[in-house]
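Undergrad: Take a look at this one; I'll ask things after.
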Amino acid sequence: MSDSSLLALTLAEARDGLARKFFSAHELTLAYNEAVTEIEPLNAYITPTPEPALEMADAADQRLARGEALPLDGIPIAVKDLYCTKGVLTTAASHILDGFHPPYESTVTDRLWQSGAVMLGKTNLDEFAMGSSSTTSYYGPTENPWRRPDDNRPLVPGGSSGGSAAAVAARAALAATGTDTGGSIRQPASFCGIVGLKPTYGRCSRWGVVAYASSLDHPGPMTRTVRDAAILLRAMAGNDPRDSTSAPVPVPDFEAALTGDIRGVRVGIPKEYRADGMPSEIEGLWRQGAEWLRSAGAQPVEISLPMTKYALQAYYIIAPAEASSNLARYDGVRFGLRVEGNSLDEMYELTRAAGFGAEVCRRVMIGTYVLSAGYYDAYYLKAQRVRALIARDFAAAFESVDCLLTPTAPSAAFAIDENTEDPIAMYLNDLFTVPANLAGVPAISVPAGLSAGGLPLGLQITGRAFDEETVLRVAAVLESAAQFRHVPSFVAGGRA
Amino acid sequence: MIEGRSGPWETVIGLEVHAQVVSKAKLFSGAATDFGAEPNTQVSPVDAAFPGMLPVINRFCVEQAVKTGLGLDAEIKLESVFDRKNYFYPDLPPGYQISQYQQPVVGHGKVVLDMPDGTAREIGITRLHLEQDAGKSLHDQHPTQTYVDLNRAGVALMEIVSEPDLRSADEAAIYLRKLRSILRYLGTCDGNMEQGSLRCDCNVSVRRPGEPYGIRCEIKNLNSVRYVMQAIEFEARRQIDILEEGGTIEQQTRLFDAGRGITRPMRSKEEAHDYRYFPDPDLLPLMLDPEWVARLRAELPELPDAKKARFVSEHGLSPDDAAVLVADKETALFFERVAAGRDPKAAANWVTGDLFAVLNRRGVGIEQSPVSAEELGGLIDLIADGTISGRLAKEVFAEMVASGADPATIVEAKGLRQVTDSEAIEAVIDAVLAAQTDKVAEYRAGRDKLYGFFVGQIMRATQGKANPALVNDLLKKKLAG
């Protein structure tokens, strides 16, 4: 097979091709290593790891030859550079982690390697996963492989898992890991025309993933198809005694849930998601999605999630509050960057001023403020109460419906120099994705169509806690109805 | 009560005791907790707060805290929450201490003090919570830089907070000793103040009797009972002097300068940290199974108060003797082994008398006693069965301390066995009386005081081995003629 046809395979197809010895893991990884080099202009990877990738591929080939194949043997994937990888530079896209080589491997990536997957490298992101555009990285912005046909300005891939999304979309990774704190898997998936799944909180261990906001951080898969997401999630998921918030529940065979049969499934259409100023094309796509599901035998039902309108505000209090505490450990004392000063306080100040970018500083300051004496009750405590009410909204909705259908994001990808002046405008990107983080319920973004400007748009399916199976099953039906076959303007191996 | 120039003042004291939990592993990481290890050899990536590392609660430490709560007769909270206390310091790697702020694992309890006048006094416990210790900053390793040792970082502490029920430095000392005794009985803290296993913050204020509480100052990090007493005495006097001069007390955190015996300001209320407490999102609320708590309650060892009551009722000891014996768990165990199957009063007398004297002289605890409980028991047996007299027993005991030999061996080797053969004693008495005919005549004429002289002569002739009761008996008969 030619390189470009290898790169066009889905994860499921590559898995089957490897099993049937149509090609070797070595060949597949070689093609992807070259693809990683080819898409360098997108700045999707911070640290490619081509040599370890080939070693891992060769080990996979030996197992395949012995007939002892592991579930993901020889599958080349990219890792968001928020996951600690043993001995491999881990940056969180921050200057403050300069030279940090973790002496341990995150639980999720360890599970992936134990399943035979091959690590292509570490992908770019918003610094400490704080952002919706992948422009706040110390290593420079990542570009979306898509461009508007009539406008050659570089676009953002979304964020914060923008490097992972761009790499998967540009065929420089068969799949990738992401993390989703307020939409950081689903929004970039929507912007780049791929599938992004935020599982239930507690489904995938957070151990070894650099923390942004602990109660909202969700590791999850980013793939080209819903089936690939099901396959990757199964390998990533599972209880981890090292993460106290990891759920002691069994991991089902998610791929087996993709029966294509959604007859009788009740799909909630929350009316509050009709945001003011939402482009009509997104509303149109949403209606279209409901029609597709109805045609497949599901029952769309209008429902209400009245607390949704407070979700973004609650999120932008809780997430910075946790972040302000989680990021206190970056003090220049034990690892990463240190800028010497004449006193301890001066060393702290110089190190953190030099090490953190503007958005990180903004959130650390907001978080410090909302936790301060005299403000705690009015901000943090109230936000937690709102959060509880939002979770209650979802629980109530799931008494009458099996899942929800909404848009993933209120817009398509925007240009890298847009939305940079007003942080609030940037925060609005998370409008539809944040509620699922606050409630901890699973949600997936599926590419469903193109905007008038020729850019991908995603639809989101949200489900009950630990019911990723329904989410995936409905998403797969949506995916086949949408028949999204569009290819970005820039892909490794050339547009086939 | 302290007498000021303008009248009496009452000192009001509340103590916050930080007790290191006896546990092989730290509170949230598997790292070891041995005291005195090489710097930074007992540190996991969790303790060093490396990115992505997460805390996992150590079940055994929770068990120790619950046992302590039960030992303090306190309410065990079936749901408690770990919070983050945020501040920057190099020996606090994550930039926050995991502690329990609003929902501690143990609520209200009490400690009963045995006061010197024989009364009992109840001191309220406000709460007990679990928290992590910080590491240690070493300022003496380099002329301009500070080194950090993280061995202690993450070690489990119990913070035990008393109500402001204490009224003097002496009471504070009695409270601390009693609390330490309870912790040692429970095996939940070794109570070793020199190694820092038990540290104390004192909240001190003064007021006129009957008036509301005054403004308090907190004296941080006292690591001996003596320092606690000195600090309280100094601080109370300092506050009284200010108030009597017409001044007001500023709420402050103060440090005790052991060299000068004074307290000095560390930071004022305005400079107090804003710790920005919030529930640690990495940890779920701590939920305890009521059956598990009930099991711990059932397995609780006998504590000093109960033991003291039993020593009085069962062994017939005086409350004072019982109090002395139960203060230290090892002493109580030692006593019980000595008293097993023997006269408890004799056992108590030997332990609190001769044995304590030896231990005090040597400056050691009962664990290092030169005489074992079994050996001391053996000595008491020899007295009880008449083998040796009480007087000789003192001599045998001294020899036991000196040589470490057991009492029976010493008695045999030194020929100290008591003479209980009445014919042999009679023969000695006859000989003594025959040699002192004039004294015998004087005695019979009414000089009763000579009786003791005859006894002395007889004992000297038998090298003290004659059974005193027999001597008494026979001598009286002989003199009566």
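In the structure tokens, the first chain shown is A, the next is B, and so on; residue numbers restart at 1 for each chain, and ligands run from 1 in the order shown.
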Give me, as a PDB file with C-alpha atoms, in the first residue's frame, the contact residues of chain A against chain B at a cut-off of 6 Å, counting only C-alpha atoms.
TA:
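The resulting out_17.pdb:
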ATOM      1  CA  TRP A 207      -3.082   9.831  37.348  1.00  0.00           C
ATOM      2  CA  GLY A 208      -0.076  11.246  35.507  1.00  0.00           C
ATOM      3  CA  VAL A 209      -2.075  13.817  33.571  1.00  0.00           C
ATOM      4  CA  VAL A 210      -0.946  17.355  34.403  1.00  0.00           C
ATOM      5  CA  ALA A 211      -3.862  18.826  36.328  1.00  0.00           C
ATOM      6  CA  SER A 214      -9.143  18.269  38.904  1.00  0.00           C
ATOM      7  CA  SER A 215     -12.910  17.937  39.267  1.00  0.00           C
ATOM      8  CA  SER A 244      -9.245   8.380  44.165  1.00  0.00           C
ATOM      9  CA  ALA A 328       1.025  26.397  42.897  1.00  0.00           C
ATOM     10  CA  ARG A 329       3.507  23.525  42.613  1.00  0.00           C
ATOM     11  CA  LEU A 371     -11.226  31.513  46.849  1.00  0.00           C
ATOM     12  CA  SER A 372     -10.169  34.485  48.960  1.00  0.00           C
TER      13      SER A 372
END
Undergrad: Excluding range 111-126 of chain B and residues on its chain fewer than 4 positions from it, collect all residues at most 12 Å away from it, counting only C-alpha atoms, and give them as an mmCIF file with C-alpha atoms, in the first residue's frame.
TA:
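The resulting file, selection.cif, is reproduced below:
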data_model
loop_
_atom_site.group_PDB
_atom_site.id
_atom_site.type_symbol
_atom_site.label_atom_id
_atom_site.label_comp_id
_atom_site.auth_asym_id
_atom_site.auth_seq_id
_atom_site.Cartn_x
_atom_site.Cartn_y
_atom_site.Cartn_z
ATOM 1 C CA ILE B 13 -5.751 28.507 77.499
ATOM 2 C CA GLY B 14 -6.668 26.286 74.576
ATOM 3 C CA LEU B 15 -4.157 23.896 73.031
ATOM 4 C CA GLU B 16 -3.775 22.649 69.478
ATOM 5 C CA VAL B 17 -1.688 19.513 69.577
ATOM 6 C CA THR B 68 -7.844 8.307 68.904
ATOM 7 C CA GLY B 69 -11.264 9.897 68.606
ATOM 8 C CA LEU B 70 -12.809 6.937 70.398
ATOM 9 C CA GLY B 71 -10.110 7.170 73.085
ATOM 10 C CA LEU B 72 -11.048 10.818 73.602
ATOM 11 C CA ASP B 73 -14.656 9.786 74.039
ATOM 12 C CA ALA B 74 -15.425 11.848 70.945
ATOM 13 C CA GLU B 75 -18.009 11.841 68.219
ATOM 14 C CA PRO B 104 -13.111 16.959 60.519
ATOM 15 C CA VAL B 105 -13.168 13.203 61.051
ATOM 16 C CA VAL B 106 -13.634 13.582 64.830
ATOM 17 C CA GLY B 107 -15.896 16.036 66.654
ATOM 18 C CA GLU B 159 -4.444 17.978 65.039
ATOM 19 C CA ILE B 160 -6.236 17.729 68.377
ATOM 20 C CA VAL B 161 -7.869 21.002 69.392
ATOM 21 C CA SER B 162 -9.002 21.582 72.980
ATOM 22 C CA GLU B 163 -11.690 23.928 74.151
ATOM 23 C CA PRO B 164 -10.371 27.023 75.980
ATOM 24 C CA ASP B 165 -10.942 25.140 79.237
ATOM 25 C CA LEU B 166 -7.460 25.264 80.736
ATOM 26 C CA ARG B 167 -6.758 27.910 83.366
ATOM 27 C CA ASP B 170 0.137 23.659 85.368
ATOM 28 C CA GLU B 171 -3.220 22.563 84.003
ATOM 29 C CA ALA B 172 -1.899 22.767 80.482
ATOM 30 C CA ALA B 173 0.980 20.503 81.499
ATOM 31 C CA ILE B 174 -1.359 17.999 83.158
ATOM 32 C CA TYR B 175 -3.550 18.043 80.039
ATOM 33 C CA LEU B 176 -0.607 17.480 77.699
ATOM 34 C CA ARG B 177 0.747 14.615 79.791
ATOM 35 C CA LYS B 178 -2.665 13.015 80.001
ATOM 36 C CA LEU B 179 -3.255 13.383 76.263
ATOM 37 C CA ARG B 180 0.157 11.900 75.544
ATOM 38 C CA SER B 181 -0.609 9.012 77.873
ATOM 39 C CA ILE B 182 -3.886 8.286 76.076
ATOM 40 C CA LEU B 183 -2.182 8.421 72.648
ATOM 41 C CA LEU B 303 -7.259 3.396 78.750
ATOM 42 C CA PRO B 304 -5.653 5.110 81.773
ATOM 43 C CA ASP B 305 -8.883 6.248 83.444
ATOM 44 C CA ALA B 306 -10.462 2.801 83.295
ATOM 45 C CA LYS B 308 -6.872 3.451 87.321
ATOM 46 C CA SER B 318 -4.899 4.053 96.718
ATOM 47 C CA PRO B 319 -6.034 6.466 93.970
ATOM 48 C CA ASP B 320 -2.643 8.175 94.163
ATOM 49 C CA ASP B 321 -0.682 4.952 93.658
ATOM 50 C CA ALA B 322 -3.046 3.913 90.889
ATOM 51 C CA ALA B 323 -2.643 7.288 89.147
ATOM 52 C CA VAL B 324 1.145 7.015 89.275
ATOM 53 C CA VAL B 326 -1.309 4.149 84.966
ATOM 54 C CA ALA B 327 0.241 7.422 83.753
#
Undergrad: Excluding Arg207 in chain B and residues on its chain fewer than 4 positions from it, collect all residues at most 6 Å away from it, counting only C-alpha atoms, and give them as a list in words.
TA: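 In the requested form, the answer reads Trp9, Glu10 and Gly214 of chain B.
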Undergrad: Figure out the distance between CA of Val66 in chain B and CA of Val155 in chain B, please, to one decimal in Å.
TA: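 Separating CA of Val155 in chain B from CA of Val66 in chain B is a distance of 16.9 Å.
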Undergrad: Report the residues of range 104-152 of chain A whose backbone DSSP state falls under helix (DSSP H, G or I), written as an MDAnalysis selection string.
TA: chainID A and resid 107:114 127:129
Undergrad: List as a short mmCIF file (atom, residue, chain, number, x, y, z; two decimals) with N, CA and C atoms, in the first residue's frame the protein and nucleic acid residues near Gly154 in chain B, meaning an atom at most 8 Å away when only C-alpha atoms are counted, but skip any in the same chain fewer than 5 places from it.
TA:
data_model
loop_
_atom_site.label_atom_id
_atom_site.label_comp_id
_atom_site.auth_asym_id
_atom_site.auth_seq_id
_atom_site.Cartn_x
_atom_site.Cartn_y
_atom_site.Cartn_z
N LYS B 26 3.04 7.22 54.65
CA LYS B 26 2.51 8.58 54.79
C LYS B 26 0.99 8.61 54.57
N LEU B 27 0.41 9.79 54.78
CA LEU B 27 -1.05 9.91 54.75
C LEU B 27 -1.63 9.71 53.35
N PHE B 28 -0.93 10.20 52.34
CA PHE B 28 -1.48 10.11 50.98
C PHE B 28 -0.51 9.49 49.98
N SER B 29 0.61 8.94 50.44
CA SER B 29 1.53 8.29 49.51
C SER B 29 2.08 7.07 50.22
N ASP B 47 4.69 13.06 47.16
CA ASP B 47 5.16 13.96 48.22
C ASP B 47 5.88 15.17 47.63
N GLN B 132 -1.57 16.65 56.58
CA GLN B 132 -0.20 16.28 56.21
C GLN B 132 0.79 17.17 56.93
N ASP B 133 1.94 16.59 57.27
CA ASP B 133 3.04 17.41 57.75
C ASP B 133 3.75 18.02 56.54
N ALA B 134 4.50 19.09 56.78
CA ALA B 134 5.33 19.68 55.72
C ALA B 134 6.72 19.06 55.81
N GLY B 135 7.57 19.40 54.84
CA GLY B 135 8.97 18.98 54.91
C GLY B 135 9.73 19.90 55.85
#
Undergrad: Excluding same-chain residues fewer than 4 positions from range 345-360 of chain A, what lies within 10 Å of it counting only C-alpha atoms, as an MDAnalysis selection string?
TA: (chainID A and resid 93:98 126:131 136:138 212 320 323:324 327:328 330:333 336:341 364:366 423) or (chainID B and resid 88:90)
Undergrad: Can those selected residues be exported to a file as a short mmCIF file (atom, residue, chain, number, x, y, z; two decimals), in the first residue's frame so that it contains N, CA and C atoms?
TA:
data_model
loop_
_atom_site.label_atom_id
_atom_site.label_comp_id
_atom_site.auth_asym_id
_atom_site.auth_seq_id
_atom_site.Cartn_x
_atom_site.Cartn_y
_atom_site.Cartn_z
N ALA A 93 2.72 22.52 27.34
CA ALA A 93 2.85 23.71 26.48
C ALA A 93 3.24 24.94 27.29
N SER A 94 3.94 24.71 28.41
CA SER A 94 4.31 25.83 29.27
C SER A 94 5.83 25.93 29.39
N HIS A 95 6.31 27.16 29.40
CA HIS A 95 7.73 27.43 29.61
C HIS A 95 8.15 26.93 31.00
N ILE A 96 7.20 26.93 31.95
CA ILE A 96 7.57 26.63 33.33
C ILE A 96 7.97 25.17 33.53
N LEU A 97 7.61 24.30 32.57
CA LEU A 97 8.00 22.89 32.68
C LEU A 97 9.24 22.57 31.84
N ASP A 98 10.00 23.61 31.52
CA ASP A 98 11.24 23.42 30.75
C ASP A 98 12.04 22.21 31.22
N ASP A 126 -3.22 24.34 24.29
CA ASP A 126 -3.18 25.60 25.02
C ASP A 126 -2.41 25.35 26.31
N GLU A 127 -1.65 26.35 26.74
CA GLU A 127 -0.82 26.19 27.93
C GLU A 127 -1.66 25.69 29.10
N PHE A 128 -1.22 24.56 29.69
CA PHE A 128 -1.94 23.92 30.79
C PHE A 128 -3.40 23.64 30.44
N ALA A 129 -3.66 23.47 29.16
CA ALA A 129 -5.02 23.13 28.67
C ALA A 129 -6.01 24.26 28.89
N MET A 130 -5.49 25.47 29.08
CA MET A 130 -6.37 26.61 29.33
C MET A 130 -6.58 27.39 28.04
N GLY A 131 -7.65 27.04 27.33
CA GLY A 131 -7.94 27.78 26.12
C GLY A 131 -8.81 26.98 25.18
N THR A 136 -2.32 29.56 22.94
CA THR A 136 -1.61 30.08 24.12
C THR A 136 -0.39 29.25 24.47
N SER A 137 -0.02 28.31 23.58
CA SER A 137 1.15 27.46 23.85
C SER A 137 2.43 28.26 23.83
N TYR A 138 3.35 27.93 24.76
CA TYR A 138 4.69 28.54 24.74
C TYR A 138 5.41 28.15 23.46
N TYR A 212 -5.27 20.53 35.39
CA TYR A 212 -5.74 21.91 35.21
C TYR A 212 -6.80 22.15 36.28
N PRO A 320 -10.89 27.97 37.31
CA PRO A 320 -9.73 28.76 37.76
C PRO A 320 -9.42 28.57 39.24
N ALA A 323 -7.48 25.51 39.43
CA ALA A 323 -6.21 25.72 38.72
C ALA A 323 -5.25 26.54 39.58
N SER A 324 -5.77 27.56 40.27
CA SER A 324 -4.88 28.42 41.06
C SER A 324 -4.14 27.60 42.10
N LEU A 327 -1.71 24.77 40.21
CA LEU A 327 -0.51 25.32 39.58
C LEU A 327 0.46 25.94 40.58
N ALA A 328 0.12 25.84 41.88
CA ALA A 328 1.03 26.40 42.90
C ALA A 328 2.33 25.62 42.96
N TYR A 330 4.23 24.79 40.65
CA TYR A 330 5.24 25.25 39.69
C TYR A 330 5.90 26.49 40.28
N ASP A 331 6.88 26.23 41.16
CA ASP A 331 7.47 27.31 41.96
C ASP A 331 8.97 27.43 41.74
N GLY A 332 9.50 26.65 40.82
CA GLY A 332 10.93 26.73 40.55
C GLY A 332 11.81 25.99 41.53
N VAL A 333 11.21 25.30 42.48
CA VAL A 333 12.02 24.65 43.52
C VAL A 333 12.51 23.27 43.10
N GLY A 336 11.57 21.86 36.37
CA GLY A 336 11.18 22.90 35.42
C GLY A 336 12.00 24.16 35.58
N LEU A 337 11.40 25.25 35.11
CA LEU A 337 12.10 26.53 35.06
C LEU A 337 12.36 27.10 36.46
N ARG A 338 13.54 27.70 36.66
CA ARG A 338 13.77 28.51 37.86
C ARG A 338 14.48 29.80 37.43
N VAL A 339 13.92 30.93 37.84
CA VAL A 339 14.62 32.20 37.64
C VAL A 339 15.05 32.66 39.04
N GLU A 340 16.39 32.73 39.23
CA GLU A 340 16.90 33.06 40.57
C GLU A 340 16.52 34.48 40.97
N GLY A 341 16.33 34.69 42.24
CA GLY A 341 16.04 36.03 42.75
C GLY A 341 16.85 36.25 44.01
N VAL A 364 -5.11 31.96 37.08
CA VAL A 364 -4.59 31.81 38.44
C VAL A 364 -5.07 32.97 39.31
N MET A 365 -5.09 34.17 38.72
CA MET A 365 -5.52 35.33 39.50
C MET A 365 -7.03 35.28 39.78
N ILE A 366 -7.80 34.90 38.76
CA ILE A 366 -9.25 34.76 38.99
C ILE A 366 -9.50 33.72 40.08
N PRO A 423 -11.15 38.02 26.14
CA PRO A 423 -11.17 36.65 26.69
C PRO A 423 -12.58 36.11 26.83
N PHE B 88 2.43 29.32 49.92
CA PHE B 88 3.70 28.99 49.26
C PHE B 88 4.81 28.85 50.30
N TYR B 89 5.51 27.74 50.26
CA TYR B 89 6.75 27.59 51.01
C TYR B 89 7.51 26.41 50.43
N PRO B 90 8.84 26.50 50.39
CA PRO B 90 9.59 25.44 49.70
C PRO B 90 9.42 24.05 50.33
#
Undergrad: For a test of reading the model, state the distance in Å between CA of Ala373 in chain A and CA of Cys202 in chain B, rounded to one decimal.
TA: 24.2 Å
Undergrad: Hey, what's within 8 Å of Ala408 in chain B if we count only C-alpha atoms and toss same-chain stuff fewer than 6 positions away? As JSON, numbers by chain, please?
TA: {"B": [378, 379, 382]}
Undergrad: Now that the selection is made, can you save its residues with C-alpha atoms as a CSV table (one decimal), in the first residue's frame?
TA:
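And here is the file that came out, out_21.csv:
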chain,number,residue,atom,x,y,z
B,378,GLY,CA,10.1,-13.5,92.3
B,379,LEU,CA,11.5,-11.3,95.0
B,382,LEU,CA,10.5,-14.9,98.5
